[in-house]
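Novice: Mind looking over this structure? Questions follow.
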Amino acid sequence: MTTARREPVTKVAVLIPTYNERENLPLIVARTRAAAPEVDVLVLDDGSPDGTGEVADALAASDERVHVMHRPAKQGLGRAYLAGFEWAIVRGYDAVVEMDADGSHRPEQLPELIAALADADVSIGARWVRGGRVENWPLHRKVLSVGANVYTKVLLGMRVNDATAGFRAYRATALTDMGLEGVESQGYCFQIDLTMRAVRRGLTVVEVPITFVEREIGVSKMGQDIVREALTNVTRWGVEHRVGQVRDLVRSRRAGSDRRAERAGRVERTAPAERDARAEVAE
């Protein structure tokens, strides 16, 4: 549950999952530290064979605000973030930010994303809102992303325009409220899953316009398996959501009918008593 008064956000951890991002990582960490010197950075490396983990260790050795979590193998974006959330919550961070390592999320917009938590539990860096932009994406990528978000919005009944966005900030209290132990999604579906959990628990979710820039170095991790997982899970969640709505409607109408029948019964029992009372008065 959210409260009217929110505590100030003073201790923030920026989580950066990596897999074969040796060239990008030093650049993104440097930009992050320059844009938000007060935040800490946690690199979550999934056993990158290109030496990204060693690069992360070197960055951490030269900056006390940079930390590294070495994970034994590539286990997916979702599992990396869940491990990072736990790391941050245990260490008393007020807020946690998700950010890609490839430069598609601009660290210079971190302050806006964090500031939005003053009035929210979750702030999403959104591409598909007024003021949001995407640079260097081919048309088919834009169509796929917009289509996926419209499908998600309609099927799940959420007033969120960019539920697949991966640049976002959470209050630690929100993460605790969201029931993360049940999350199994990976890829972009992980972002939809967490958005859905936040909305359904009544948390305040806001969208902050950002500029998303396609990576210039390295290879995108986007694949057909990620798209397939998102489509399958969102469809299943949507069906469950609509079935639940119908069930609630039927239950509500049945309860209304029971109340009307009960009132009618009371009226029927009262009417003979009133006639008897009038008859006694007449006598």
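Chain labels run A, B, ... following the order of the structure tokens; each chain numbers its residues from 1, and ligands are numbered from 1 in the order shown.
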DSSP on the backbone: what in range 50-190 of chain A comes out helix (DSSP H, G or I), as JSON, numbers by chain?
Specialist: {"A": [52, 53, 54, 55, 56, 57, 58, 59, 60, 61, 62, 77, 78, 79, 80, 81, 82, 83, 84, 85, 86, 87, 88, 89, 90, 107, 108, 109, 110, 111, 112, 113, 114, 115, 116, 117, 118, 119, 139, 140, 141, 142, 143, 144, 145, 146, 147, 148, 149, 150, 151, 152, 153, 154, 155, 156, 172, 173, 174, 175, 176, 177, 180, 181, 182, 187, 188, 189, 190]}
Novice: From the DSSP assignment of the backbone, select every residue of range 77-151 of chain A that is strand (DSSP E or B), and format the answer as a list in words.
Specialist: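 Across range 77-151 of chain A, those assigned strand (DSSP E or B) are Ala95, Val96, Val97, Glu98, His105, Val122, Ser123, Ile124, Gly125, Ala126, Arg133, Val134 and Glu135 of chain A.
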Novice: Export, as a PDB file, in the first residue's frame, the selected residues with N, CA and C atoms.
Specialist:
```
ATOM      1  N   ALA A  95      16.161   3.526  -2.946  1.00  0.00           N
ATOM      2  CA  ALA A  95      15.646   3.340  -4.305  1.00  0.00           C
ATOM      3  C   ALA A  95      16.654   2.572  -5.144  1.00  0.00           C
ATOM      4  N   VAL A  96      16.123   1.907  -6.165  1.00  0.00           N
ATOM      5  CA  VAL A  96      16.938   1.098  -7.066  1.00  0.00           C
ATOM      6  C   VAL A  96      16.565   1.456  -8.499  1.00  0.00           C
ATOM      7  N   VAL A  97      17.573   1.650  -9.337  1.00  0.00           N
ATOM      8  CA  VAL A  97      17.352   2.007 -10.741  1.00  0.00           C
ATOM      9  C   VAL A  97      17.845   0.880 -11.637  1.00  0.00           C
ATOM     10  N   GLU A  98      17.052   0.542 -12.648  1.00  0.00           N
ATOM     11  CA  GLU A  98      17.477  -0.396 -13.693  1.00  0.00           C
ATOM     12  C   GLU A  98      18.012   0.408 -14.877  1.00  0.00           C
ATOM     13  N   HIS A 105      20.096   3.738 -22.596  1.00  0.00           N
ATOM     14  CA  HIS A 105      19.504   4.569 -21.544  1.00  0.00           C
ATOM     15  C   HIS A 105      20.517   5.647 -21.178  1.00  0.00           C
ATOM     16  N   VAL A 122       7.069   4.017  -8.302  1.00  0.00           N
ATOM     17  CA  VAL A 122       7.813   3.529  -9.462  1.00  0.00           C
ATOM     18  C   VAL A 122       7.825   4.628 -10.515  1.00  0.00           C
ATOM     19  N   SER A 123       8.990   4.920 -11.078  1.00  0.00           N
ATOM     20  CA  SER A 123       9.061   5.870 -12.195  1.00  0.00           C
ATOM     21  C   SER A 123       9.674   5.157 -13.390  1.00  0.00           C
ATOM     22  N   ILE A 124       8.981   5.234 -14.515  1.00  0.00           N
ATOM     23  CA  ILE A 124       9.394   4.538 -15.733  1.00  0.00           C
ATOM     24  C   ILE A 124       9.885   5.550 -16.760  1.00  0.00           C
ATOM     25  N   GLY A 125      11.089   5.338 -17.267  1.00  0.00           N
ATOM     26  CA  GLY A 125      11.584   6.163 -18.358  1.00  0.00           C
ATOM     27  C   GLY A 125      10.910   5.726 -19.649  1.00  0.00           C
ATOM     28  N   ALA A 126       9.940   6.512 -20.098  1.00  0.00           N
ATOM     29  CA  ALA A 126       9.044   6.077 -21.176  1.00  0.00           C
ATOM     30  C   ALA A 126       9.406   6.701 -22.522  1.00  0.00           C
ATOM     31  N   ARG A 133      11.304   9.914 -26.937  1.00  0.00           N
ATOM     32  CA  ARG A 133      11.813   9.733 -28.303  1.00  0.00           C
ATOM     33  C   ARG A 133      12.646   8.464 -28.397  1.00  0.00           C
ATOM     34  N   VAL A 134      12.783   7.978 -29.619  1.00  0.00           N
ATOM     35  CA  VAL A 134      13.674   6.860 -29.922  1.00  0.00           C
ATOM     36  C   VAL A 134      14.576   7.281 -31.074  1.00  0.00           C
ATOM     37  N   GLU A 135      15.871   7.064 -30.920  1.00  0.00           N
ATOM     38  CA  GLU A 135      16.823   7.433 -31.967  1.00  0.00           C
ATOM     39  C   GLU A 135      17.481   6.188 -32.557  1.00  0.00           C
TER      40      GLU A 135
END
```
Novice: Residues of range 127-199 of chain A within 8 Å of range 72-93 of chain A: nearest atom pair and distance (Å, one decimal) for each, counting only C-alpha atoms, sorted by chain and number, as CSV?
Specialist:
```
residue,atom,partner,partner_atom,distance
A:Ala172,CA,A:Ile89,CA,6.3
A:Leu175,CA,A:Phe85,CA,7.7
A:Leu180,CA,A:Leu82,CA,7.6
A:Glu184,CA,A:Gly78,CA,7.4
A:Ser185,CA,A:Gly78,CA,6.2
A:Gln186,CA,A:Gly78,CA,4.5
A:Gly187,CA,A:Leu77,CA,5.6
A:Phe190,CA,A:Gly78,CA,5.6
```
Novice: Taking only C-alpha atoms into account, produce a table as a tab-separated table in which each residue of range 124-218 of chain A with an atom at most 10 Å from an atom of range 9-12 of chain A appears once, together with its shortest atom pair and the distance in Å to one decimal, ordered by chain and rising number.
Specialist:
```
residue	atom	partner	partner_atom	distance
A:Ala169	CA	A:Val12	CA	9.3
A:Tyr170	CA	A:Val12	CA	9.7
A:Arg171	CA	A:Val9	CA	8.0
A:Ala172	CA	A:Val12	CA	9.4
```
Novice: What lies within 9 Å of Met158 in chain A using only C-alpha atoms, ignoring chain neighbours under 2 positions off, as a list in words?
Specialist: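 Close residues of Met158 in chain A: Thr152, Lys153, Val154, Leu155, Leu156, Val160, Asn161, Ala163, Thr195, Met196, Val199 and Arg200 of chain A.
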Novice: Would you kindly return, as a ChimeraX atom specification, each protein, DNA or RNA residue with an atom no farther than 10 Å from any atom of range 43-59 of chain A, considering only C-alpha atoms and excluding same-chain residues fewer than 2 positions away?
Specialist: /A:14-26,29-30,41,61-77,79-81,83-84,101
Novice: Smallest atom-to-atom distance to Arg215 in chain A: which of A:Asn233, A:Thr176, A:Thr32, A:Ser104, using only C-alpha atoms?
Specialist: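 For Arg215 in chain A, the nearest of the candidates is A:Ser104.
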